[in-house]
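Printed here is run_16.tsv (TSV, C-alpha atoms and all ligand atoms):
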```tsv
chain	number	residue	atom	x	y	z
A	222	MET	CA	0.00	0.00	0.00
A	223	PRO	CA	1.46	3.42	-0.89
A	224	ARG	CA	1.83	5.76	2.09
A	225	GLN	CA	-1.18	8.04	2.34
A	226	ALA	CA	-0.82	11.80	2.72
A	227	ASP	CA	-0.67	12.95	6.34
A	228	PRO	CA	-3.69	14.81	7.73
A	229	PRO	CA	-3.82	18.50	6.80
A	230	SER	CA	-2.38	21.04	9.20
A	231	PRO	CA	-4.94	22.40	11.69
A	232	PHE	CA	-3.69	25.90	10.78
A	233	VAL	CA	-4.69	25.35	7.14
A	234	VAL	CA	-7.94	23.59	8.03
A	235	ALA	CA	-8.92	26.61	10.16
A	236	GLN	CA	-8.84	28.73	6.97
A	237	ARG	CA	-11.43	26.57	5.17
A	238	GLU	CA	-14.14	29.25	4.92
A	239	ARG	CA	-11.70	31.95	3.81
A	240	LEU	CA	-10.29	29.56	1.21
A	241	LEU	CA	-13.73	28.64	-0.11
A	242	ALA	CA	-14.49	32.34	-0.57
A	243	THR	CA	-11.53	32.64	-2.98
A	244	ALA	CA	-13.01	30.12	-5.46
A	245	PRO	CA	-14.26	32.81	-7.92
A	246	LEU	CA	-10.76	34.34	-8.07
A	247	GLY	CA	-9.00	31.25	-9.41
A	248	PRO	CA	-7.68	27.85	-8.34
A	249	VAL	CA	-5.60	27.14	-5.25
A	250	LEU	CA	-1.87	26.51	-5.63
A	251	ASP	CA	-0.37	24.01	-3.19
A	252	LEU	CA	3.30	24.93	-3.58
A	253	ALA	CA	5.83	22.21	-2.69
A	254	CYS	CA	2.82	19.98	-2.08
A	255	GLY	CA	4.66	16.78	-1.13
A	256	ARG	CA	2.08	14.00	-0.78
A	257	GLY	CA	-0.58	16.66	-1.28
A	258	ARG	CA	-2.31	16.69	2.09
A	259	HIS	CA	-3.44	20.29	1.51
A	260	ALA	CA	-4.21	19.83	-2.18
A	261	LEU	CA	-6.49	16.93	-1.17
A	262	PHE	CA	-8.02	18.96	1.67
A	263	ALA	CA	-8.78	21.93	-0.62
A	264	ALA	CA	-10.09	19.79	-3.49
A	265	ARG	CA	-12.30	17.74	-1.16
A	266	ALA	CA	-13.70	21.06	0.10
A	267	GLY	CA	-14.70	21.85	-3.49
A	268	LEU	CA	-11.81	24.00	-4.75
A	269	ARG	CA	-9.85	23.54	-7.97
A	270	VAL	CA	-6.20	22.88	-7.14
A	271	VAL	CA	-2.81	22.99	-8.83
A	272	ALA	CA	-0.31	20.93	-6.83
A	273	LEU	CA	3.33	21.65	-7.58
A	274	ASP	CA	6.39	19.78	-6.42
A	275	ARG	CA	9.76	18.76	-7.85
A	276	ASP	CA	9.29	15.13	-6.79
A	277	ALA	CA	7.68	13.28	-9.67
A	278	SER	CA	6.95	10.11	-7.68
A	279	LEU	CA	4.95	12.01	-5.04
A	280	LEU	CA	3.03	13.81	-7.78
A	281	ARG	CA	2.22	10.51	-9.51
A	282	LYS	CA	0.72	9.13	-6.29
A	283	LEU	CA	-1.22	12.33	-5.71
A	284	ALA	CA	-2.59	12.27	-9.27
A	285	GLU	CA	-3.68	8.63	-8.75
A	286	GLN	CA	-5.45	9.56	-5.54
A	287	ALA	CA	-7.14	12.53	-7.23
A	288	ARG	CA	-8.32	10.29	-10.08
A	289	ALA	CA	-9.65	7.69	-7.64
A	290	GLU	CA	-11.71	10.36	-5.84
A	291	ALA	CA	-12.51	12.37	-9.01
A	292	LEU	CA	-10.94	15.46	-7.45
A	293	PRO	CA	-9.99	18.54	-9.51
A	294	ILE	CA	-6.24	18.45	-8.78
A	295	ARG	CA	-3.67	19.18	-11.48
A	296	ALA	CA	-0.34	17.72	-10.35
A	297	MET	CA	2.57	19.62	-11.82
A	298	ARG	CA	6.29	19.01	-11.66
A	299	ALA	CA	8.49	22.09	-11.41
A	300	ASP	CA	11.47	23.41	-9.47
A	301	ALA	CA	10.27	26.31	-7.34
A	302	GLU	CA	13.88	27.44	-6.92
A	303	SER	CA	14.56	27.65	-10.65
A	304	ALA	CA	15.99	30.91	-11.96
A	305	LEU	CA	13.23	30.73	-14.58
A	306	GLY	CA	10.65	31.40	-11.87
A	307	LEU	CA	7.32	29.67	-11.37
A	308	PRO	CA	5.53	28.50	-14.53
A	309	PHE	CA	2.34	30.54	-14.09
A	310	PRO	CA	1.05	33.91	-15.29
A	311	PRO	CA	0.69	36.70	-12.70
A	312	ALA	CA	-2.43	36.95	-10.52
A	313	CYS	CA	-3.82	33.57	-11.65
A	314	PHE	CA	-4.51	31.98	-8.23
A	315	GLY	CA	-7.25	32.64	-5.70
A	316	ALA	CA	-5.08	31.19	-2.95
A	317	VAL	CA	-1.56	29.90	-2.42
A	318	LEU	CA	-0.80	27.33	0.28
A	319	VAL	CA	2.78	26.74	1.39
A	320	THR	CA	3.60	24.42	4.27
A	321	ARG	CA	6.91	23.07	5.51
A	322	PHE	CA	8.82	24.67	2.65
A	323	LEU	CA	10.85	27.87	2.60
A	324	TYR	CA	12.81	29.45	-0.21
A	325	ARG	CA	13.01	33.12	0.74
A	326	PRO	CA	13.72	34.54	-2.74
A	327	LEU	CA	10.34	33.17	-3.87
A	328	ALA	CA	8.26	35.49	-1.66
A	329	PRO	CA	7.73	38.29	-4.25
A	330	ALA	CA	6.77	35.72	-6.90
A	331	ILE	CA	4.23	34.13	-4.53
A	332	GLU	CA	2.66	37.55	-3.91
A	333	GLY	CA	2.58	38.09	-7.67
A	334	LEU	CA	0.66	34.85	-8.27
A	335	LEU	CA	-2.27	35.95	-6.13
A	336	ALA	CA	-5.28	37.57	-7.75
A	337	THR	CA	-6.52	40.73	-6.06
A	338	GLY	CA	-8.39	39.57	-2.96
A	339	GLY	CA	-6.50	36.27	-3.03
A	340	LEU	CA	-5.28	34.53	0.10
A	341	LEU	CA	-1.86	33.30	1.20
A	342	VAL	CA	-1.79	30.57	3.83
A	343	TYR	CA	1.78	29.83	4.89
A	344	GLU	CA	3.05	27.61	7.69
A	345	THR	CA	6.56	26.38	8.20
A	346	PHE	CA	9.31	25.69	10.73
A	347	THR	CA	11.00	28.34	12.84
A	348	GLU	CA	14.61	28.27	13.96
A	349	ARG	CA	13.49	26.93	17.37
A	350	GLN	CA	12.82	23.60	15.59
A	351	ARG	CA	16.52	22.86	16.14
A	352	GLU	CA	15.87	22.57	19.90
A	353	LEU	CA	13.70	19.49	19.26
A	354	GLY	CA	16.35	17.44	17.47
A	355	HIS	CA	14.10	16.39	14.60
A	356	GLY	CA	13.03	18.00	11.36
A	357	PRO	CA	15.06	20.53	9.40
A	358	SER	CA	18.09	22.22	10.96
A	359	ASN	CA	19.44	24.23	8.01
A	360	PRO	CA	18.93	27.97	8.74
A	361	ALA	CA	18.11	28.48	5.06
A	362	VAL	CA	14.76	26.72	5.62
A	363	LEU	CA	14.02	27.93	9.17
A	364	LEU	CA	12.15	31.16	9.87
A	365	GLU	CA	13.46	33.79	12.25
A	366	THR	CA	11.08	35.20	14.85
A	367	GLY	CA	8.48	37.42	13.16
A	368	GLU	CA	9.90	36.75	9.72
A	369	LEU	CA	6.82	35.57	7.77
A	370	PRO	CA	4.90	38.89	7.94
A	371	ARG	CA	8.14	40.67	6.97
A	372	LEU	CA	8.65	38.38	3.97
A	373	PHE	CA	5.10	39.11	2.77
A	374	ALA	CA	4.96	42.78	3.73
A	375	GLY	CA	3.06	43.54	0.51
A	376	LEU	CA	0.04	41.56	1.73
A	377	GLN	CA	-2.54	42.47	4.36
A	378	PRO	CA	-1.98	40.17	7.35
A	379	LEU	CA	-5.14	38.51	8.72
A	380	ALA	CA	-3.50	36.12	11.20
A	381	SER	CA	0.05	35.52	12.31
A	382	VAL	CA	1.09	32.90	14.87
A	383	GLU	CA	4.25	31.24	16.14
A	384	GLY	CA	4.63	28.47	18.63
A	385	LEU	CA	5.15	24.84	19.52
A	386	VAL	CA	2.46	22.88	17.70
A	387	GLU	CA	1.43	19.36	18.73
A	388	ALA	CA	-0.34	17.31	16.08
A	389	GLY	CA	-0.61	13.53	16.38
A	390	SER	CA	2.75	12.18	17.52
A	391	ARG	CA	4.67	15.27	16.32
A	392	ARG	CA	5.74	18.45	18.06
A	393	ASP	CA	7.14	21.20	15.86
A	394	TRP	CA	8.03	24.87	16.20
A	395	LEU	CA	5.97	26.50	13.47
A	396	ALA	CA	5.04	29.98	12.30
A	397	GLY	CA	1.87	30.62	10.33
A	398	LEU	CA	0.60	33.54	8.30
A	399	VAL	CA	-2.72	34.19	6.61
A	400	ALA	CA	-2.61	37.29	4.43
A	401	ARG	CA	-4.64	38.85	1.66
A	402	LYS	CA	-3.60	40.54	-1.58
A	403	GLN	CA	-5.17	43.98	-1.70
A	404	ALA	CA	-5.98	46.10	-4.74
B	501	LIG	C1	8.61	18.78	4.05
B	501	LIG	S1	7.84	18.50	2.50
B	501	LIG	C2	6.29	19.38	2.74
B	501	LIG	C3	5.22	18.87	1.83
B	501	LIG	C4	3.84	19.51	2.05
B	501	LIG	N1	3.85	20.93	1.77
B	501	LIG	C5	3.33	19.25	3.44
B	501	LIG	O1	3.34	20.15	4.29
B	501	LIG	O2	2.95	18.09	3.69
B	501	LIG	C6	8.72	19.59	1.41
B	501	LIG	C7	8.35	19.39	-0.05
B	501	LIG	O3	8.98	20.42	-0.81
B	501	LIG	C8	9.39	19.87	-2.03
B	501	LIG	N2	10.43	20.73	-2.58
B	501	LIG	C9	11.64	21.00	-2.02
B	501	LIG	N3	12.32	21.85	-2.81
B	501	LIG	C10	11.53	22.10	-3.88
B	501	LIG	C11	11.69	22.89	-5.04
B	501	LIG	N4	12.81	23.57	-5.27
B	501	LIG	N5	10.69	22.94	-5.95
B	501	LIG	C12	9.55	22.22	-5.74
B	501	LIG	N6	9.34	21.45	-4.66
B	501	LIG	C13	10.32	21.39	-3.74
B	501	LIG	C14	9.87	18.48	-1.68
B	501	LIG	O4	9.90	17.63	-2.81
B	501	LIG	C15	8.84	18.07	-0.64
B	501	LIG	O5	7.76	17.40	-1.25
```
So that I can check it, write out the structure of this file as structure tokens.
Ligand SMILES: C[S@@+](CC[C@H](N)C(=O)[O-])C[C@H]1O[C@@H](n2cnc3c(N)ncnc32)[C@H](O)[C@@H]1O
Amino acid sequence: MPRQADPPSPFVVAQRERLLATAPLGPVLDLACGRGRHALFAARAGLRVVALDRDASLLRKLAEQARAEALPIRAMRADAESALGLPFPPACFGAVLVTRFLYRPLAPAIEGLLATGGLLVYETFTERQRELGHGPSNPAVLLETGELPRLFAGLQPLASVEGLVEAGSRRDWLAGLVARKQA
């Protein structure tokens, strides 16, 4: 049996109503989707989803799952760190979800992908994760205190949190940001 996607993050799940309200603006992008736990969550909620990752085998499994459930998920392979940028036109997404992935130079491009009124939901590890001895330890992928709202200063922040999050058997130091693209 292939490993199923983990449950979606409670931080993302809590944004369900806000995400649903973005449907008229365009599909949702799950950036660096991995096994696609948030792509599946959003599509099961009724949203169209583009799920992007550089790992073709994960995308294949996600596409199979989407087919089996008849979910509107387009699985797309691309390198989000490519100098060519992300393979989408500007302002084409109603929402962008990013979890457990950080590539700081991408922040302006992520803002640019959002349609006016569109929503960013971002959650990833902070530098305090190193205290726990599991998960990433490279500073390049760990947020400094208060960094997410600074990275997305062009968006209107709706919620910003940081703390030790317990979910299932895991404890992680995470920061989360929900922010809206204004006119
Ligand atoms: C820790 S996983 C998180 C997956 C998912 N967002 C989640 O929270 O379950 C990080 C994911 O980022 C993807 N990734 C890392 N660097 C990438 C890049 N340059 N372009 C696209 N995907 C990338 C990996 O393949 C992996 O699936």
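Between atom CA of Thr337 of chain A and atom CA of Ala272 of chain A the interatomic distance comes to 20.8 Å.
Here the question is which of A:Pro326, A:Gly247, A:Pro231, A:Gly338 gets nearest to Leu376 of chain A using all atoms listed in the file, and that residue is A:Gly338.
For the choices A:Pro378, A:Gly255, A:Pro370, A:Gly397, the atom-to-atom distance to ligand LIG 501 (chain B) is smallest for A:Gly255 when using all atoms listed in the file.
For the pair atom CA of Ala330 of chain A and atom CA of Thr243 of chain A, the separation is 19.0 Å.
Using all atoms listed in the file, the set of residues no farther than 12 Å from the position (10.0, 37.4, 11.4) comprises Arg325, Thr345, Phe346, Thr347, Glu348, Leu363, Leu364, Glu365, Thr366, Gly367, Glu368, Leu369, Pro370, Arg371, Leu372, Phe373, Ala374, Ser381, Val382, Glu383, Leu395, Ala396, Gly397 and Leu398 of chain A.
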Long-range neighbours of Arg256 of chain A as a PyMOL selection string, 9 Å cut-off, only C-alpha atoms, 4 positions minimum in chain: chain A and resi 224-227+260+279-280+282-283
Nearby residues (all atoms listed in the file) at most 10 Å from Val271 of chain A, same-chain spacing under 4 positions excluded, as a PyMOL selection string: chain A and resi 248-252+254+260+264+293-297+314+317
task: Name the residues in contact with His355 of chain A at a cut-off of 10 Å, using only C-alpha atoms, excluding same-chain residues fewer than 3 positions from it; report them as a ChimeraX atom specification.
output: /A:350-352,358,391-393
Would you list the residues that come within 7 Å of ligand LIG 501 (chain B)? Count only C-alpha atoms and all ligand atoms and give the answer as a PDB file with C-alpha atoms, in the coordinates of the input.
```
ATOM      1  CA  ASP A 227      -0.670  12.950   6.340  1.00  0.00           C
ATOM      2  CA  LEU A 252       3.300  24.930  -3.580  1.00  0.00           C
ATOM      3  CA  ALA A 253       5.830  22.210  -2.690  1.00  0.00           C
ATOM      4  CA  CYS A 254       2.820  19.980  -2.080  1.00  0.00           C
ATOM      5  CA  GLY A 255       4.660  16.780  -1.130  1.00  0.00           C
ATOM      6  CA  ARG A 256       2.080  14.000  -0.780  1.00  0.00           C
ATOM      7  CA  GLY A 257      -0.580  16.660  -1.280  1.00  0.00           C
ATOM      8  CA  ARG A 258      -2.310  16.690   2.090  1.00  0.00           C
ATOM      9  CA  LEU A 273       3.330  21.650  -7.580  1.00  0.00           C
ATOM     10  CA  ASP A 274       6.390  19.780  -6.420  1.00  0.00           C
ATOM     11  CA  ARG A 275       9.760  18.760  -7.850  1.00  0.00           C
ATOM     12  CA  ASP A 276       9.290  15.130  -6.790  1.00  0.00           C
ATOM     13  CA  ALA A 299       8.490  22.090 -11.410  1.00  0.00           C
ATOM     14  CA  ASP A 300      11.470  23.410  -9.470  1.00  0.00           C
ATOM     15  CA  ALA A 301      10.270  26.310  -7.340  1.00  0.00           C
ATOM     16  CA  GLU A 302      13.880  27.440  -6.920  1.00  0.00           C
ATOM     17  CA  SER A 303      14.560  27.650 -10.650  1.00  0.00           C
ATOM     18  CA  VAL A 319       2.780  26.740   1.390  1.00  0.00           C
ATOM     19  CA  THR A 320       3.600  24.420   4.270  1.00  0.00           C
ATOM     20  CA  ARG A 321       6.910  23.070   5.510  1.00  0.00           C
ATOM     21  CA  PHE A 322       8.820  24.670   2.650  1.00  0.00           C
TER      22      PHE A 322
END
```
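Distance annotation: of A:Gln403, A:Asn359, A:Ser390, A:Gln236, the residue with the minimal separation from Leu318 of chain A is A:Gln236; atom set is all atoms listed in the file.
Among A:Gly306, A:Gly315, A:Gly267, A:Pro245, the residue with the shortest atom-to-atom distance to Leu335 of chain A, counting all atoms listed in the file, is A:Gly315.
Each of A:Ala235, A:Leu240, A:Ala336, A:Leu385 was compared to Arg269 of chain A using all atoms listed in the file, and A:Leu240 turns out to be the nearest.
Distances here use all atoms listed in the file; by that measure, the residue among A:Arg288, A:Arg401, A:Arg239, A:Arg349 closest to Gly333 of chain A is A:Arg401.
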- prompt: For the atom pair atom CA of Val270 of chain A and atom CA of Val362 of chain A, what is the interatomic distance in Å to one decimal place?
  reply: 24.8 Å
